[in-house]
Structure formats: structure tokens, C-alpha cells
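One file, work.cif, carrying mmCIF, C-alpha atoms:
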data_structure
loop_
_atom_site.label_atom_id
_atom_site.label_comp_id
_atom_site.auth_asym_id
_atom_site.auth_seq_id
_atom_site.Cartn_x
_atom_site.Cartn_y
_atom_site.Cartn_z
CA MET A 1 6.93 17.86 2.62
CA SER A 2 7.02 14.77 4.82
CA ILE A 3 4.41 12.35 6.10
CA PRO A 4 3.67 12.77 9.82
CA ALA A 5 3.93 9.34 11.43
CA ASP A 6 1.09 10.13 13.87
CA SER A 7 -1.47 10.92 11.14
CA PRO A 8 -3.60 8.48 9.14
CA VAL A 9 -1.71 6.94 6.23
CA LEU A 10 -2.86 4.68 3.41
CA ALA A 11 -0.45 2.06 2.08
CA PHE A 12 -0.58 0.20 -1.22
CA ASP A 13 0.80 -3.11 -2.47
CA VAL A 14 0.68 -2.69 -6.24
CA GLY A 15 0.25 -5.74 -8.42
CA ALA A 16 -0.64 -6.35 -12.05
CA ARG A 17 -4.19 -7.57 -11.21
CA ARG A 18 -4.85 -6.21 -7.71
CA ILE A 19 -3.76 -3.41 -5.40
CA GLY A 20 -3.87 -4.14 -1.68
CA VAL A 21 -4.71 -1.22 0.60
CA ALA A 22 -4.05 -0.80 4.31
CA VAL A 23 -4.60 2.01 6.79
CA GLY A 24 -2.78 2.94 9.95
CA SER A 25 -1.12 5.67 11.96
CA GLY A 26 1.50 6.05 14.64
CA PHE A 27 -1.30 6.35 17.22
CA GLY A 28 -2.53 2.83 16.57
CA LEU A 29 1.02 1.51 16.17
CA SER A 30 -0.10 -1.08 13.65
CA ALA A 31 -1.68 -1.16 10.25
CA ARG A 32 -4.76 -3.07 9.24
CA PRO A 33 -5.79 -4.49 5.88
CA LEU A 34 -8.50 -2.36 4.36
CA ALA A 35 -9.39 -3.31 0.79
CA VAL A 36 -8.29 -4.92 -2.43
CA ILE A 37 -8.77 -2.93 -5.62
CA ASP A 38 -8.98 -4.81 -8.89
CA VAL A 39 -6.95 -3.72 -11.90
CA HIS A 40 -8.56 -4.64 -15.23
CA ASP A 41 -6.40 -4.54 -18.35
CA GLY A 42 -4.01 -2.15 -16.61
CA VAL A 43 -6.81 0.24 -15.61
CA ILE A 44 -6.93 1.14 -11.92
CA ASP A 45 -10.28 1.71 -10.21
CA TRP A 46 -9.55 5.31 -9.14
CA THR A 47 -13.14 5.74 -7.98
CA ARG A 48 -12.49 3.27 -5.13
CA ILE A 49 -9.21 4.96 -4.26
CA ASP A 50 -10.94 8.37 -4.25
CA LYS A 51 -13.55 6.97 -1.86
CA LEU A 52 -10.88 5.56 0.49
CA GLN A 53 -9.03 8.87 0.43
CA ARG A 54 -12.21 10.80 1.32
CA GLU A 55 -13.10 8.33 4.06
CA TRP A 56 -9.69 8.14 5.78
CA ARG A 57 -8.27 11.61 4.95
CA PRO A 58 -4.64 10.41 5.03
CA ALA A 59 -1.71 12.77 5.51
CA GLY A 60 0.17 10.80 2.86
CA PHE A 61 0.62 7.50 1.11
CA ILE A 62 3.13 4.66 1.28
CA VAL A 63 3.60 2.54 -1.83
CA GLY A 64 5.48 -0.74 -1.72
CA ASP A 65 8.68 -0.71 -3.76
CA PRO A 66 8.87 -4.18 -5.36
CA MET A 67 12.58 -4.49 -5.99
CA THR A 68 14.31 -7.82 -6.48
CA LEU A 69 15.93 -9.58 -3.52
CA ASP A 70 19.29 -8.04 -4.48
CA GLY A 71 17.73 -4.54 -4.70
CA GLY A 72 17.40 -4.42 -8.48
CA ASP A 73 14.56 -3.51 -10.79
CA GLN A 74 11.83 -5.78 -12.08
CA PRO A 75 8.90 -4.99 -14.42
CA ILE A 76 6.29 -4.45 -11.66
CA ARG A 77 8.55 -1.82 -10.08
CA ASP A 78 7.83 0.61 -12.94
CA ARG A 79 4.09 0.08 -12.38
CA ALA A 80 4.44 0.77 -8.64
CA ARG A 81 6.44 3.95 -9.28
CA ALA A 82 3.93 5.17 -11.87
CA PHE A 83 1.10 4.50 -9.39
CA ALA A 84 2.98 6.42 -6.66
CA HIS A 85 3.45 9.42 -8.97
CA ALA A 86 -0.23 9.27 -9.98
CA LEU A 87 -1.26 9.31 -6.29
CA ARG A 88 0.90 12.34 -5.62
CA GLU A 89 -0.42 14.23 -8.61
CA ARG A 90 -4.05 13.31 -7.97
CA PHE A 91 -4.21 14.10 -4.24
CA LYS A 92 -1.31 16.58 -3.82
CA LEU A 93 -0.11 14.66 -0.75
CA PRO A 94 3.34 13.27 0.01
CA VAL A 95 4.06 9.74 -1.19
CA ALA A 96 6.90 7.51 -0.02
CA MET A 97 8.18 4.27 -1.51
CA MET A 98 8.95 1.54 1.05
CA ASP A 99 10.86 -1.67 0.47
CA GLU A 100 8.30 -4.46 0.14
CA ARG A 101 10.61 -7.43 -0.32
CA ASN A 102 9.06 -10.62 1.10
CA THR A 103 5.80 -8.95 2.18
CA SER A 104 3.66 -11.29 0.07
CA GLN A 105 5.34 -14.30 1.65
CA GLU A 106 4.94 -12.81 5.12
CA ALA A 107 1.26 -12.07 4.42
CA ALA A 108 0.74 -15.68 3.27
CA HIS A 109 2.48 -16.94 6.42
CA ARG A 110 0.31 -14.73 8.66
CA PHE A 111 -2.80 -15.85 6.78
CA ALA A 112 -1.88 -19.53 7.22
CA ALA A 113 -1.21 -18.97 10.93
CA GLY A 114 -4.58 -17.21 11.28
CA ARG A 115 -6.30 -20.14 9.55
CA ALA A 116 -4.59 -22.60 11.86
CA GLU A 117 -5.81 -20.59 14.87
CA GLY A 118 -9.33 -20.35 13.43
CA GLN A 119 -9.11 -16.57 13.01
CA ARG A 120 -9.16 -16.62 9.19
CA ARG A 121 -11.25 -18.49 6.66
CA ARG A 122 -10.46 -19.55 3.12
CA ARG A 123 -12.71 -16.81 1.75
CA ASP A 124 -10.47 -14.26 3.50
CA ALA A 125 -7.65 -15.15 1.08
CA ASP A 126 -8.85 -12.29 -1.13
CA LEU A 127 -7.35 -9.96 1.47
CA LEU A 128 -3.78 -11.26 1.06
CA ASP A 129 -2.80 -8.20 -0.99
CA ALA A 130 -4.28 -5.91 1.68
CA MET A 131 -2.38 -7.88 4.33
CA ALA A 132 0.84 -7.29 2.35
CA ALA A 133 0.00 -3.55 2.25
CA ALA A 134 -0.42 -3.63 6.05
CA ILE A 135 3.03 -5.19 6.41
CA ILE A 136 4.49 -2.45 4.19
CA LEU A 137 2.83 0.17 6.41
CA ASP A 138 4.01 -1.53 9.61
CA ARG A 139 7.57 -1.40 8.25
CA TRP A 140 7.20 2.29 7.44
CA MET A 141 5.84 3.08 10.91
CA ALA A 142 8.78 1.21 12.46
CA MET A 143 11.39 2.93 10.26
CA PRO A 144 10.02 5.87 8.25
CA GLN A 145 13.56 7.03 7.51
CA ASP A 146 13.98 3.93 5.31
CA ALA A 147 11.24 5.13 2.96
CA VAL A 148 12.10 7.15 -0.13
CA LEU A 149 9.89 10.22 -0.42
CA LEU A 150 8.97 11.10 -3.98
CA ASP A 151 9.97 14.51 -5.31
CA GLU A 152 7.52 17.34 -4.83
CA PRO A 153 4.84 17.70 -7.50
CA THR A 154 5.65 20.35 -10.04
CA SER A 155 3.30 23.29 -10.41
CA ASP A 156 2.81 24.60 -13.90
#
As C-alpha cells, what does this structure read like?
Amino acid sequence: MSIPADSPVLAFDVGARRIGVAVGSGFGLSARPLAVIDVHDGVIDWTRIDKLQREWRPAGFIVGDPMTLDGGDQPIRDRARAFAHALRERFKLPVAMMDERNTSQEAAHRFAAGRAEGQRRRRDADLLDAMAAAIILDRWMAMPQDAVLLDEPTSD
């Protein structure tokens, strides 16, 4: 099962305290930041994710793969993979992992440029994680073959 590039897709930038969410499709050719979901003591607000899934009806999900600059593992990578597997099991939709190296820095750069142009305000900084998720989704839409699709869910 693959994710059609021309259908709505939700993307996630998974962090220890927040998960950035973006939405996009091949029709719009770019992603947009959507929401930031708080994570309290390791507990994800699945109610908010359920609501976003019902609202946008995505054909699949893209989860940022937070590997190190040299492509290795780091502790947050296990959390992102577990989140990706939980999405797949919960919604029975395809999930792909996409390289997210440097997306947080790129989001901060875009935010700073938007502030300099008067398009962003300091209070918008809360959306940095969602902006990083939008960058992850933009990368996937540009090169979906670079994403790693998770194995199919098992049926018991």
C-alpha cells in the first residue's frame, strides 16, 4: 500500500515535548503548518490527532525520521518510529518515514525571514514545529521515493 501523492497527507515532526503537524497534497504542491500537539510526560494527545484525521481525511501520513547528520540513530528516533507505528495501527493507513535532517534549522530560518518581512510575529514561534513538519512534507512531495514506507499492519 502506498501513499498517493495527489491526495491529502498529514506530516508530523515528532519531538519529546511537541509534535508539529502539517497538511498538504500534490495538488497544492506545498505543505502548510497546521498545528502543534503537546506531549505531556510522554503521553501524546491522540484526541487532537483523531480530530485532525477526521477533518483532513488523509490518504496516509509522513513522519520525520530524526537521524543524526551522518545517518545514525539518536534517542528521539525511537520515539518517532514508535509514533509512526502507532499511527499506522490506529488509522490503518500507510505511513512513511522521511529524512528530517536540518528541518528545525530551516524552519527557524524561514520564521526569522518571515519576521524580517513582517509576515510573522513573535507569538507565531509556537508554530516552529508545525513549520518543520511542513518542510518534511514538502520534501516528501518533491521526492516520495526517498521515503521509507513502514511495513503493512499485521492482522490477527
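From atom CA of A:Ala86 back to atom CA of A:Asp50, the distance works out to 12.2 Å.
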Residues near stretch 32-37 of chain A, cut-off 6 Å, all atoms listed in the file, skip fewer than 5 positions along chain, as a PDB file with C-alpha atoms, in the frame of the given file:
ATOM      1  CA  ARG A  18      -4.850  -6.210  -7.710  1.00  0.00           C
ATOM      2  CA  ILE A  19      -3.760  -3.410  -5.400  1.00  0.00           C
ATOM      3  CA  GLY A  20      -3.870  -4.140  -1.680  1.00  0.00           C
ATOM      4  CA  VAL A  21      -4.710  -1.220   0.600  1.00  0.00           C
ATOM      5  CA  ALA A  22      -4.050  -0.800   4.310  1.00  0.00           C
ATOM      6  CA  VAL A  23      -4.600   2.010   6.790  1.00  0.00           C
ATOM      7  CA  ALA A 130      -4.280  -5.910   1.680  1.00  0.00           C
ATOM      8  CA  MET A 131      -2.380  -7.880   4.330  1.00  0.00           C
ATOM      9  CA  ALA A 134      -0.420  -3.630   6.050  1.00  0.00           C
TER      10      ALA A 134
END
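Within the 10 Å cut-off around A:Ile49, using only C-alpha atoms and omitting residues fewer than 3 positions from it on the same chain, the listed residues are Leu10, Val21, Ala35, Ile37, Ile44, Asp45, Trp46, Leu52, Gln53, Arg54, Glu55 and Leu87 of chain A.
If you look at atom CA of A:Lys92 and atom CA of A:Leu128, they are 28.4 Å away from each other.
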Query raised in the report: What is the atom CA of A:Arg139 to atom CA of A:Asp65 distance in Å?
Result: 12.1 Å
Requested in this report: Excluding stretch 96-98 of chain A and residues on its chain fewer than 3 positions from it, collect all residues at most 10 Å away from it, counting all atoms listed in the file, and give them as an MDAnalysis selection string.
Outcome: chainID A and resid 2:3 11:12 60:67 80:81 84:85 88 101 136:137 139:140 143:151
Running the PyMOL selection byres ((chain A and resi 26) around 10) on this model by hand, what would come out? Give it as a PDB file with C-alpha atoms, in the coordinates of the input.
ATOM      1  CA  PRO A   4       3.670  12.770   9.820  1.00  0.00           C
ATOM      2  CA  ALA A   5       3.930   9.340  11.430  1.00  0.00           C
ATOM      3  CA  ASP A   6       1.090  10.130  13.870  1.00  0.00           C
ATOM      4  CA  SER A   7      -1.470  10.920  11.140  1.00  0.00           C
ATOM      5  CA  PRO A   8      -3.600   8.480   9.140  1.00  0.00           C
ATOM      6  CA  VAL A   9      -1.710   6.940   6.230  1.00  0.00           C
ATOM      7  CA  GLY A  24      -2.780   2.940   9.950  1.00  0.00           C
ATOM      8  CA  SER A  25      -1.120   5.670  11.960  1.00  0.00           C
ATOM      9  CA  PHE A  27      -1.300   6.350  17.220  1.00  0.00           C
ATOM     10  CA  GLY A  28      -2.530   2.830  16.570  1.00  0.00           C
ATOM     11  CA  LEU A  29       1.020   1.510  16.170  1.00  0.00           C
ATOM     12  CA  SER A  30      -0.100  -1.080  13.650  1.00  0.00           C
ATOM     13  CA  ALA A  31      -1.680  -1.160  10.250  1.00  0.00           C
ATOM     14  CA  ASP A 138       4.010  -1.530   9.610  1.00  0.00           C
ATOM     15  CA  TRP A 140       7.200   2.290   7.440  1.00  0.00           C
ATOM     16  CA  MET A 141       5.840   3.080  10.910  1.00  0.00           C
ATOM     17  CA  ALA A 142       8.780   1.210  12.460  1.00  0.00           C
TER      18      ALA A 142
END
Requested in this report: Expand the PyMOL selection byres ((chain A and resi 16) around 9) into the individual residues it matches in the shown file, reporting them as a VMD selection string.
Outcome: chain A and resid 14 to 15 17 to 19 39 to 42 76 79
